[in-house]
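Quick look at final-v9.txt (compact mmCIF, C-alpha atoms and all ligand atoms):
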# COMPACT_ATOMS: atom_id res chain seq x y z
CA MET A 1 -26.97 -10.59 -16.73
CA ALA A 2 -23.59 -12.29 -16.98
CA LYS A 3 -23.28 -15.02 -14.38
CA ILE A 4 -19.95 -16.56 -13.39
CA VAL A 5 -19.31 -19.36 -10.90
CA VAL A 6 -15.79 -19.67 -9.49
CA ARG A 7 -14.89 -23.03 -7.97
CA ALA A 8 -12.08 -22.63 -5.43
CA GLY A 9 -9.89 -25.46 -4.14
CA THR A 10 -9.33 -23.29 -1.07
CA LEU A 11 -11.12 -20.02 -0.42
CA VAL A 12 -9.68 -17.28 1.80
CA ASP A 13 -12.19 -14.50 2.46
CA GLY A 14 -9.71 -11.71 3.33
CA LEU A 15 -11.37 -11.09 6.71
CA GLY A 16 -9.22 -13.50 8.70
CA ASN A 17 -11.74 -16.36 8.79
CA PRO A 18 -10.39 -19.94 8.43
CA PRO A 19 -9.86 -21.05 4.80
CA VAL A 20 -12.76 -22.98 3.26
CA ARG A 21 -12.20 -26.13 1.16
CA ASP A 22 -14.20 -26.38 -2.07
CA GLY A 23 -15.50 -22.85 -1.91
CA ILE A 24 -17.82 -21.40 -4.54
CA VAL A 25 -18.23 -17.75 -5.47
CA VAL A 26 -21.22 -16.73 -7.56
CA ILE A 27 -20.80 -13.51 -9.53
CA VAL A 28 -23.48 -11.58 -11.40
CA ASP A 29 -22.17 -8.81 -13.64
CA ASP A 30 -19.54 -6.95 -11.60
CA ARG A 31 -20.56 -8.11 -8.12
CA ILE A 32 -20.25 -11.07 -5.78
CA MET A 33 -23.76 -12.45 -5.16
CA GLY A 34 -22.92 -15.44 -2.96
CA VAL A 35 -20.07 -17.31 -1.30
CA TYR A 36 -20.65 -20.97 -0.47
CA GLU A 37 -18.94 -24.11 0.79
CA GLY A 38 -19.28 -27.37 -1.21
CA SER A 39 -22.35 -26.55 -3.31
CA VAL A 40 -24.69 -23.76 -4.30
CA PRO A 41 -28.18 -24.06 -2.73
CA GLY A 42 -30.57 -24.75 -5.61
CA GLY A 43 -27.68 -25.70 -7.91
CA ILE A 44 -25.75 -23.82 -10.57
CA SER A 45 -27.87 -22.45 -13.41
CA ASP A 46 -27.12 -23.68 -16.95
CA ASP A 47 -26.30 -20.24 -18.30
CA ALA A 48 -23.47 -19.67 -15.79
CA GLN A 49 -19.87 -19.67 -16.96
CA VAL A 50 -17.86 -21.92 -14.61
CA ILE A 51 -14.23 -21.07 -13.85
CA ASP A 52 -12.60 -24.09 -12.31
CA LEU A 53 -9.91 -23.09 -9.81
CA SER A 54 -10.14 -26.27 -7.74
CA ASP A 55 -6.33 -26.53 -7.96
CA ALA A 56 -5.77 -23.03 -6.58
CA VAL A 57 -6.29 -20.72 -3.62
CA VAL A 58 -8.92 -18.06 -4.33
CA LEU A 59 -8.89 -14.79 -2.43
CA PRO A 60 -9.96 -11.16 -2.82
CA GLY A 61 -7.92 -8.94 -5.12
CA LEU A 62 -5.02 -7.38 -3.21
CA VAL A 63 -5.35 -3.86 -1.81
CA CYS A 64 -2.04 -1.99 -1.87
CA CYS A 65 -1.90 0.88 0.64
CA HIS A 66 1.30 2.67 -0.38
CA SER A 67 2.68 3.32 -3.85
CA HIS A 68 4.00 6.10 -6.08
CA LEU A 69 2.71 5.36 -9.57
CA ASN A 70 4.84 8.17 -11.05
CA LEU A 71 8.11 6.46 -10.18
CA PRO A 72 9.54 3.53 -12.15
CA GLY A 73 10.71 1.39 -9.21
CA ASP A 74 13.93 0.36 -10.89
CA GLY A 75 16.44 2.58 -9.18
CA PRO A 76 16.36 6.26 -10.14
CA LEU A 77 16.28 8.79 -7.34
CA PRO A 78 12.71 10.18 -7.16
CA TRP A 79 13.83 13.84 -7.12
CA ASP A 80 15.76 13.25 -10.36
CA PHE A 81 13.07 11.24 -12.12
CA VAL A 82 10.39 13.85 -11.41
CA LYS A 83 12.35 16.28 -13.60
CA GLU A 84 11.25 14.19 -16.62
CA GLY A 85 7.95 16.08 -16.43
CA GLU A 86 4.28 15.22 -16.36
CA GLY A 87 4.01 13.41 -19.70
CA VAL A 88 6.72 10.87 -18.92
CA LEU A 89 5.40 10.44 -15.40
CA ALA A 90 1.86 9.81 -16.66
CA VAL A 91 3.05 7.15 -19.12
CA THR A 92 5.21 5.53 -16.43
CA SER A 93 2.20 5.54 -14.10
CA ALA A 94 0.08 3.73 -16.70
CA ARG A 95 2.74 1.05 -17.12
CA ASN A 96 3.02 0.59 -13.34
CA ALA A 97 -0.73 0.40 -12.85
CA LYS A 98 -0.95 -2.41 -15.37
CA THR A 99 1.95 -4.30 -13.75
CA ALA A 100 0.24 -4.02 -10.35
CA LEU A 101 -3.10 -5.21 -11.72
CA MET A 102 -1.57 -8.22 -13.47
CA SER A 103 0.14 -9.18 -10.18
CA GLY A 104 -3.22 -9.32 -8.42
CA VAL A 105 -3.54 -5.78 -7.04
CA THR A 106 -7.10 -4.68 -7.85
CA THR A 107 -7.14 -1.64 -5.54
CA MET A 108 -4.17 0.65 -5.06
CA ARG A 109 -3.57 3.78 -3.05
CA ASP A 110 -1.13 6.21 -4.59
CA ASN A 111 0.73 8.20 -1.94
CA GLY A 112 1.71 11.17 -4.03
CA GLY A 113 2.69 12.22 -7.52
CA LEU A 114 3.22 15.25 -9.70
CA GLY A 115 0.44 17.59 -10.82
CA ARG A 116 -2.63 15.86 -12.25
CA THR A 117 -0.81 12.70 -13.40
CA THR A 118 -2.54 10.24 -11.08
CA PHE A 119 -5.99 11.84 -11.54
CA ASP A 120 -5.54 11.67 -15.31
CA LEU A 121 -4.51 8.01 -15.15
CA ARG A 122 -7.64 7.18 -13.16
CA ARG A 123 -9.73 8.92 -15.82
CA ALA A 124 -7.97 7.01 -18.61
CA ILE A 125 -8.69 3.73 -16.78
CA GLU A 126 -12.36 4.72 -16.42
CA LEU A 127 -12.50 5.52 -20.12
CA GLY A 128 -11.01 2.11 -20.93
CA TYR A 129 -7.79 3.42 -22.49
CA ALA A 130 -5.56 2.03 -19.74
CA ASP A 131 -5.61 -1.00 -17.43
CA GLY A 132 -5.07 -0.63 -13.75
CA PRO A 133 -6.39 -1.21 -10.25
CA ARG A 134 -9.12 0.93 -8.68
CA LEU A 135 -7.14 3.95 -7.54
CA VAL A 136 -7.39 5.80 -4.23
CA LEU A 137 -5.66 9.14 -4.74
CA CYS A 138 -4.26 12.11 -2.83
CA GLY A 139 -2.82 13.98 -5.81
CA GLN A 140 0.23 15.55 -4.24
CA PRO A 141 1.61 14.81 -0.78
CA ILE A 142 1.43 17.89 1.48
CA THR A 143 4.85 18.93 2.76
CA ILE A 144 6.58 22.02 4.18
CA THR A 145 8.34 24.42 1.80
CA GLY A 146 11.45 22.57 0.65
CA GLY A 147 10.40 19.49 2.65
CA HIS A 148 10.35 15.77 1.83
CA CYS A 149 8.89 15.19 -1.67
CA HIS A 150 8.32 18.92 -2.26
CA TYR A 151 9.15 18.22 -5.94
CA PHE A 152 5.67 16.76 -6.40
CA GLY A 153 4.28 20.26 -5.85
CA GLY A 154 2.41 19.93 -2.56
CA GLU A 155 4.20 22.56 -0.45
CA ALA A 156 2.07 24.21 2.26
CA ASP A 157 2.88 25.84 5.58
CA GLY A 158 0.97 27.02 8.62
CA VAL A 159 -2.59 26.23 9.67
CA GLU A 160 -4.13 28.43 7.00
CA GLY A 161 -1.82 27.27 4.22
CA THR A 162 -2.20 23.56 4.89
CA VAL A 163 -5.97 23.77 5.24
CA GLN A 164 -6.17 25.66 1.94
CA LYS A 165 -3.97 23.02 0.27
CA ILE A 166 -6.30 20.25 1.44
CA ARG A 167 -9.26 22.15 -0.07
CA GLN A 168 -7.43 22.68 -3.37
CA LEU A 169 -6.50 19.00 -3.61
CA GLY A 170 -10.06 18.01 -2.79
CA LYS A 171 -11.28 20.23 -5.63
CA ALA A 172 -8.80 18.56 -7.98
CA GLY A 173 -10.15 15.11 -7.14
CA ALA A 174 -8.28 13.82 -4.06
CA ASP A 175 -9.97 10.98 -2.16
CA TYR A 176 -7.77 11.35 0.89
CA VAL A 177 -4.96 13.48 2.32
CA LYS A 178 -1.29 12.50 2.53
CA VAL A 179 1.00 14.55 4.74
CA MET A 180 4.74 14.35 5.14
CA GLY A 181 4.98 14.43 8.95
CA THR A 182 8.76 14.14 8.99
CA GLY A 183 11.53 14.50 6.47
CA GLY A 184 12.61 11.49 4.43
CA GLY A 185 15.12 10.42 1.84
CA SER A 186 14.90 13.68 -0.14
CA PRO A 187 18.05 15.84 -0.05
CA GLY A 188 17.85 18.57 2.57
CA SER A 189 15.00 17.02 4.54
CA LEU A 190 15.59 15.53 7.98
CA SER A 191 13.99 12.11 8.40
CA TRP A 192 14.27 12.18 12.20
CA ARG A 193 12.59 15.60 12.63
CA ARG A 194 8.95 16.62 12.55
CA GLN A 195 8.05 18.89 9.65
CA TYR A 196 4.85 20.30 11.14
CA SER A 197 3.88 21.56 14.57
CA ARG A 198 1.24 19.64 16.46
CA GLU A 199 -1.11 22.57 15.85
CA GLU A 200 -0.65 22.30 12.08
CA MET A 201 -1.12 18.52 12.24
CA ALA A 202 -4.34 18.86 14.27
CA ALA A 203 -5.66 21.42 11.75
CA MET A 204 -4.92 19.14 8.79
CA VAL A 205 -6.57 16.15 10.46
CA ALA A 206 -9.64 18.25 11.32
CA GLU A 207 -9.92 19.63 7.76
CA ALA A 208 -9.48 16.21 6.15
CA HIS A 209 -12.21 14.75 8.35
CA ARG A 210 -14.47 17.78 7.96
CA SER A 211 -14.39 17.20 4.21
CA GLY A 212 -15.08 13.47 4.63
CA ARG A 213 -11.56 12.33 3.78
CA LYS A 214 -9.08 10.08 5.49
CA ILE A 215 -5.62 11.35 6.29
CA THR A 216 -2.37 9.42 6.46
CA VAL A 217 0.96 10.76 7.69
CA HIS A 218 4.49 9.82 6.66
CA CYS A 219 6.29 9.36 10.00
CA LEU A 220 9.91 8.36 10.32
CA SER A 221 10.17 9.56 13.92
CA ALA A 222 8.22 8.48 16.99
CA ASP A 223 7.21 12.01 18.04
CA ALA A 224 5.63 12.61 14.62
CA MET A 225 3.82 9.27 14.92
CA VAL A 226 2.43 10.27 18.32
CA ASP A 227 1.32 13.69 16.99
CA ALA A 228 -0.43 12.10 14.02
CA ALA A 229 -2.10 9.32 16.01
CA GLU A 230 -3.17 11.49 18.94
CA THR A 231 -4.61 14.26 16.77
CA GLY A 232 -6.74 11.60 15.05
CA ALA A 233 -4.96 10.76 11.79
CA ASP A 234 -6.25 7.52 10.25
CA GLN A 235 -2.89 6.04 9.32
CA VAL A 236 0.85 6.47 9.65
CA GLU A 237 3.31 5.46 6.93
CA HIS A 238 6.67 3.76 7.63
CA ALA A 239 6.21 3.91 11.44
CA GLY A 240 9.89 4.71 12.01
CA PHE A 241 11.85 5.54 15.13
CA PHE A 242 14.67 7.58 13.59
CA THR A 243 16.72 9.62 16.03
CA GLY A 244 19.39 10.65 13.51
CA PRO A 245 20.23 10.32 9.79
CA THR A 246 20.86 6.56 9.90
CA ALA A 247 19.90 5.51 13.44
CA GLN A 248 16.62 4.20 14.81
CA GLU A 249 15.94 3.79 18.51
CA PHE A 250 12.75 2.00 19.49
CA ASN A 251 10.79 3.77 22.23
CA TRP A 252 8.17 1.61 23.98
CA GLU A 253 6.47 4.50 25.75
CA LEU A 254 5.88 6.43 22.52
CA ALA A 255 4.95 3.20 20.70
CA GLN A 256 2.23 2.61 23.32
CA ARG A 257 0.90 6.16 22.99
CA ALA A 258 0.62 5.88 19.22
CA GLY A 259 -0.59 2.26 19.32
CA ALA A 260 -3.31 2.99 21.92
CA THR A 261 -5.21 5.00 19.28
CA GLY A 262 -5.57 1.89 17.07
CA VAL A 263 -4.20 3.87 14.12
CA TYR A 264 -3.50 1.93 10.91
CA ALA A 265 0.10 1.74 9.73
CA SER A 266 2.06 0.58 6.73
CA ALA A 267 5.58 -0.72 7.26
CA THR A 268 6.97 -0.31 3.71
CA ASN A 269 9.45 -3.11 4.41
CA CYS A 270 9.83 -3.78 0.69
CA VAL A 271 12.02 -0.70 0.30
CA SER A 272 14.87 -2.30 2.26
CA TYR A 273 14.04 -5.81 0.98
CA TYR A 274 14.21 -4.79 -2.70
CA THR A 275 17.31 -2.65 -2.21
CA LEU A 276 19.00 -5.71 -0.70
CA LYS A 277 17.70 -7.97 -3.46
CA THR A 278 19.02 -5.61 -6.16
CA LEU A 279 22.45 -5.10 -4.61
CA ARG A 280 22.97 -8.80 -3.85
CA ALA A 281 22.32 -9.59 -7.52
CA LYS A 282 25.25 -7.41 -8.60
CA GLU A 283 28.37 -9.26 -9.70
CA THR A 284 30.81 -6.92 -8.03
CA LEU A 285 30.09 -4.77 -5.03
CA THR A 286 31.71 -1.42 -4.36
CA ALA A 287 32.48 -0.35 -0.80
CA GLU A 288 29.47 1.97 -1.08
CA ASP A 289 27.24 -0.97 -2.08
CA GLN A 290 28.49 -2.97 0.89
CA ASN A 291 27.75 -0.09 3.26
CA LEU A 292 24.25 0.18 1.84
CA ILE A 293 23.72 -3.58 2.25
CA ASP A 294 24.80 -3.38 5.90
CA TYR A 295 22.54 -0.37 6.49
CA ARG A 296 19.47 -1.88 4.79
CA ASN A 297 19.99 -5.21 6.61
CA ARG A 298 20.03 -3.38 9.92
CA MET A 299 16.97 -1.32 8.98
CA LEU A 300 14.95 -4.32 7.82
CA GLU A 301 15.70 -6.27 11.00
CA GLN A 302 14.85 -3.28 13.18
CA ASN A 303 11.67 -2.47 11.23
CA LEU A 304 10.38 -6.04 11.56
CA TYR A 305 10.97 -5.82 15.32
CA GLN A 306 9.17 -2.45 15.47
CA VAL A 307 6.16 -3.83 13.54
CA LYS A 308 5.91 -6.63 16.10
CA LYS A 309 6.08 -4.26 19.07
CA LEU A 310 3.72 -1.66 17.55
CA THR A 311 1.23 -4.44 16.81
CA GLU A 312 1.40 -5.44 20.48
CA ALA A 313 0.77 -1.79 21.35
CA GLY A 314 -2.45 -1.79 19.26
CA MET A 315 -1.38 -0.42 15.88
CA ARG A 316 -3.10 -2.10 12.91
CA PHE A 317 -0.67 -2.88 10.11
CA VAL A 318 -1.70 -2.99 6.47
CA ALA A 319 0.39 -3.91 3.44
CA GLY A 320 1.93 -0.86 1.80
CA PRO A 321 5.24 -1.58 0.08
CA ASP A 322 6.06 1.92 -1.28
CA SER A 323 6.10 0.67 -4.88
CA GLY A 324 8.03 3.01 -7.15
CA TRP A 325 10.44 4.21 -4.48
CA LEU A 326 14.03 3.30 -5.47
CA TRP A 327 13.98 -0.41 -6.44
CA THR A 328 10.55 -1.26 -5.07
CA THR A 329 8.54 -2.80 -7.91
CA PHE A 330 4.81 -2.80 -8.66
CA ASP A 331 4.41 -6.57 -8.38
CA CYS A 332 5.80 -6.80 -4.84
CA MET A 333 2.66 -7.08 -2.66
CA ALA A 334 3.31 -10.80 -2.05
CA ASP A 335 6.67 -9.89 -0.52
CA GLU A 336 5.23 -7.08 1.62
CA ILE A 337 2.57 -9.46 2.99
CA TYR A 338 5.28 -12.09 3.59
CA LEU A 339 7.40 -9.52 5.48
CA LEU A 340 4.45 -8.67 7.77
CA GLN A 341 4.19 -12.38 8.54
CA GLN A 342 7.94 -12.42 9.27
CA ALA A 343 7.31 -9.57 11.73
CA GLY A 344 4.92 -11.81 13.66
CA LEU A 345 1.48 -11.57 12.03
CA SER A 346 -0.24 -14.92 11.46
CA THR A 347 -0.56 -16.10 7.85
CA LEU A 348 -4.27 -15.20 7.64
CA ASP A 349 -3.77 -11.90 9.43
CA ALA A 350 -0.98 -10.97 7.03
CA ILE A 351 -3.32 -11.75 4.09
CA SER A 352 -6.02 -9.56 5.71
CA ALA A 353 -3.41 -6.80 5.94
CA GLY A 354 -3.28 -6.89 2.15
CA THR A 355 -7.03 -7.38 1.56
CA GLY A 356 -9.84 -6.80 4.09
CA ARG A 357 -7.99 -4.68 6.67
CA ALA A 358 -6.28 -2.70 3.92
CA ALA A 359 -9.70 -1.86 2.45
CA GLU A 360 -10.87 -0.71 5.90
CA ALA A 361 -7.82 1.50 6.30
CA LEU A 362 -8.60 3.12 2.95
CA GLY A 363 -12.31 3.40 3.75
CA VAL A 364 -13.35 1.26 0.77
CA GLU A 365 -14.42 -1.88 2.67
CA SER A 366 -18.04 -1.57 1.54
CA ARG A 367 -16.87 -2.10 -2.07
CA VAL A 368 -13.70 -4.24 -2.06
CA GLY A 369 -11.25 -6.25 0.04
CA ALA A 370 -13.23 -9.39 0.84
CA LEU A 371 -15.11 -12.29 -0.70
CA LYS A 372 -18.51 -11.29 0.60
CA PRO A 373 -21.91 -10.88 -1.10
CA GLY A 374 -22.50 -7.33 -2.34
CA LEU A 375 -18.86 -6.44 -2.91
CA MET A 376 -17.23 -5.88 -6.29
CA ALA A 377 -16.08 -9.13 -7.93
CA ASP A 378 -12.36 -8.38 -7.50
CA ILE A 379 -10.98 -11.88 -7.15
CA ILE A 380 -7.59 -13.52 -7.65
CA ALA A 381 -6.33 -17.08 -7.64
CA VAL A 382 -2.82 -18.23 -6.71
CA GLY A 383 -1.01 -21.58 -6.50
CA THR A 384 -1.92 -23.93 -3.66
CA ASN A 385 1.36 -23.52 -1.77
CA ALA A 386 0.80 -19.78 -1.21
CA LEU A 387 -0.55 -20.44 2.28
CA ASP A 388 2.67 -22.30 3.17
CA ASP A 389 4.89 -19.57 1.73
CA LEU A 390 3.26 -16.17 1.33
CA ARG A 391 5.86 -15.10 -1.23
CA LYS A 392 4.00 -17.50 -3.56
CA LEU A 393 1.04 -15.11 -3.59
CA SER A 394 2.96 -13.89 -6.63
CA ASP A 395 2.13 -17.17 -8.44
CA VAL A 396 -1.00 -15.65 -9.94
CA ARG A 397 -3.40 -17.95 -11.85
CA MET A 398 -6.30 -15.55 -12.30
CA VAL A 399 -7.05 -11.86 -11.86
CA MET A 400 -10.65 -10.69 -12.06
CA LYS A 401 -11.63 -7.05 -11.60
CA GLY A 402 -15.31 -6.21 -11.39
CA GLY A 403 -16.29 -9.58 -12.87
CA ARG A 404 -13.94 -9.21 -15.84
CA VAL A 405 -11.18 -11.84 -16.15
CA LEU A 406 -7.85 -10.18 -17.03
CA VAL A 407 -5.42 -13.01 -16.34
CA ARG A 408 -6.12 -16.73 -16.53
CA GLN A 409 -3.36 -19.32 -16.37
CA ALA A 410 -3.59 -23.04 -15.77
ZN ZN A 501 6.02 6.67 -0.11
For the structure just supplied, provide its representation as structure tokens.
Ligand SMILES: [Zn+2]
Amino acid sequence: MAKIVVRAGTLVDGLGNPPVRDGIVVIVDDRIMGVYEGSVPGGISDDAQVIDLSDAVVLPGLVCCHSHLNLPGDGPLPWDFVKEGEGVLAVTSARNAKTALMSGVTTMRDNGGLGRTTFDLRRAIELGYADGPRLVLCGQPITITGGHCHYFGGEADGVEGTVQKIRQLGKAGADYVKVMGTGGGSPGSLSWRRQYSREEMAAMVAEAHRSGRKITVHCLSADAMVDAAETGADQVEHAGFFTGPTAQEFNWELAQRAGATGVYASATNCVSYYTLKTLRAKETLTAEDQNLIDYRNRMLEQNLYQVKKLTEAGMRFVAGPDSGWLWTTFDCMADEIYLLQQAGLSTLDAISAGTGRAAEALGVESRVGALKPGLMADIIAVGTNALDDLRKLSDVRMVMKGGRVLVRQA
């Protein structure tokens, strides 16, 4: 049995508990066997390999709740890139999975891709021919005919059609169900309108749960969010309040109805943040660029406000940046966690949103998401100033997945 002892300058357990100075994590094979403060009762055995991270913050591997592994995250419009076909998308997915893993993401939910690409990547990782996080997959996102992201191949309509689609995706290997509850950025879809009736939504939620799967719903409008939450969906994505193509109007009454269910939510704030970052780095800005900067600035400010209010209403936010979409990269979880803190979450709560609470939202908390005996040894280390500035969670010193060290920097 391989035994590893990690010495942590500061240990953050991912469950919101206060940080521990001089923490120790004992790992046997791929699992965490003990977490201690100061010393190990009975001492450290001679055959243990000691990894000294006494100059770092040690925490669980990050759990990303929203990504699209198929998409490169460096600008192309998703509906154009998908035309490259399954081979290119599979290779792109493998590259992205490795980038995410090296940035400290040891578990990642993919929120929809083409054909079998994400299932095949997971198999290649299992076989050892690719490196990547543990993947939680839906296959294709379910959408109405011609609806948002229909180009991934998940079109289904009506109670019968959507239920059948869930069964087909389950047969193909889906762990959970992703539904496009409203339109989105795709041409021809309306981001401020529901795509499905409440009856269809209720049927999809019931079928997902009947088959033992979680279901999360892309919601850019408040009425879709209320439908999803009240019919029992586990999570909403984006949590938007769009009332028209470019306008959001916060609605406290609907926020309270959705929030009262305690539904999980991802804010995907990185989409605006990375669009702004990319455009601001340009040497010359066109009038179109400037309009986009103004729009994304307004959206980001409004979304941070909405996260704060929805949290007050009872919604439980988790870190899901929407990696792959437009300019959103695969090493951006530090920024998404930072943006949740900017929306009003405490530092430790924001970290939980990207570790322990994220694992709960995905239903994988008995395996990953915390530094706790019995869980997989998915552990990362970052520089000591990460707790003062959460963006520094990107200053990765070690990544360990299942007891195997993949990154180690002094
Ligand atoms: Zn998405």
Can you list, as a list in words, every protein, DNA or RNA residue that comes within 10 Å of Ala2 in chain A when you count only C-alpha atoms, leaving out same-chain residues fewer than 6 positions away?
Ile27, Val28, Asp29, Asp30, Asp47, Ala48, Gln49 and Gly403 of chain A
Using all atoms listed in the file, list the residues that have an atom at most 7 Å from (-3.8, 8.4, -6.0), coordinates as in the file, as JSON, numbers by chain.
{"A": [109, 110, 111, 112, 118, 119, 135, 136, 137, 138, 139]}
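Put simply, CA of Ser346 in chain A is 25.6 Å away from CA of His218 in chain A.
In this comparison, which uses all atoms listed in the file, the residue of A:Gly374, A:Ala90, A:Val58, A:Trp325 approaching Gly184 in chain A most closely is A:Trp325.
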Residues contacting ligand ZN 501 (chain A) - anything with an atom at most 10 Å away, using all atoms listed in the file - can you give me those as a compact mmCIF listing (two decimals) with C-alpha atoms, in the coordinates of the input?
# COMPACT_ATOMS: atom_id res chain seq x y z
CA CYS A 65 -1.90 0.88 0.64
CA HIS A 66 1.30 2.67 -0.38
CA SER A 67 2.68 3.32 -3.85
CA HIS A 68 4.00 6.10 -6.08
CA ASP A 110 -1.13 6.21 -4.59
CA ASN A 111 0.73 8.20 -1.94
CA GLY A 112 1.71 11.17 -4.03
CA GLY A 113 2.69 12.22 -7.52
CA PRO A 141 1.61 14.81 -0.78
CA CYS A 149 8.89 15.19 -1.67
CA LYS A 178 -1.29 12.50 2.53
CA MET A 180 4.74 14.35 5.14
CA GLY A 184 12.61 11.49 4.43
CA HIS A 218 4.49 9.82 6.66
CA GLU A 237 3.31 5.46 6.93
CA HIS A 238 6.67 3.76 7.63
CA SER A 266 2.06 0.58 6.73
CA THR A 268 6.97 -0.31 3.71
CA VAL A 271 12.02 -0.70 0.30
CA GLY A 320 1.93 -0.86 1.80
CA PRO A 321 5.24 -1.58 0.08
CA ASP A 322 6.06 1.92 -1.28
CA SER A 323 6.10 0.67 -4.88
CA GLY A 324 8.03 3.01 -7.15
CA TRP A 325 10.44 4.21 -4.48
Set the distance at 12 Å and use only C-alpha atoms: which residues neighbour range 295-298 of chain A once local chain neighbours fewer than 6 positions away are removed? I'd like the list as a ChimeraX atom specification.
/A:245-249,269-280,288-289,304-305
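Interatomic distance, CA of Leu71 in chain A to CA of Gly128 in chain A: 22.4 Å.
Between CA of Ile125 in chain A and CA of Ala97 in chain A the separation is 9.5 Å.
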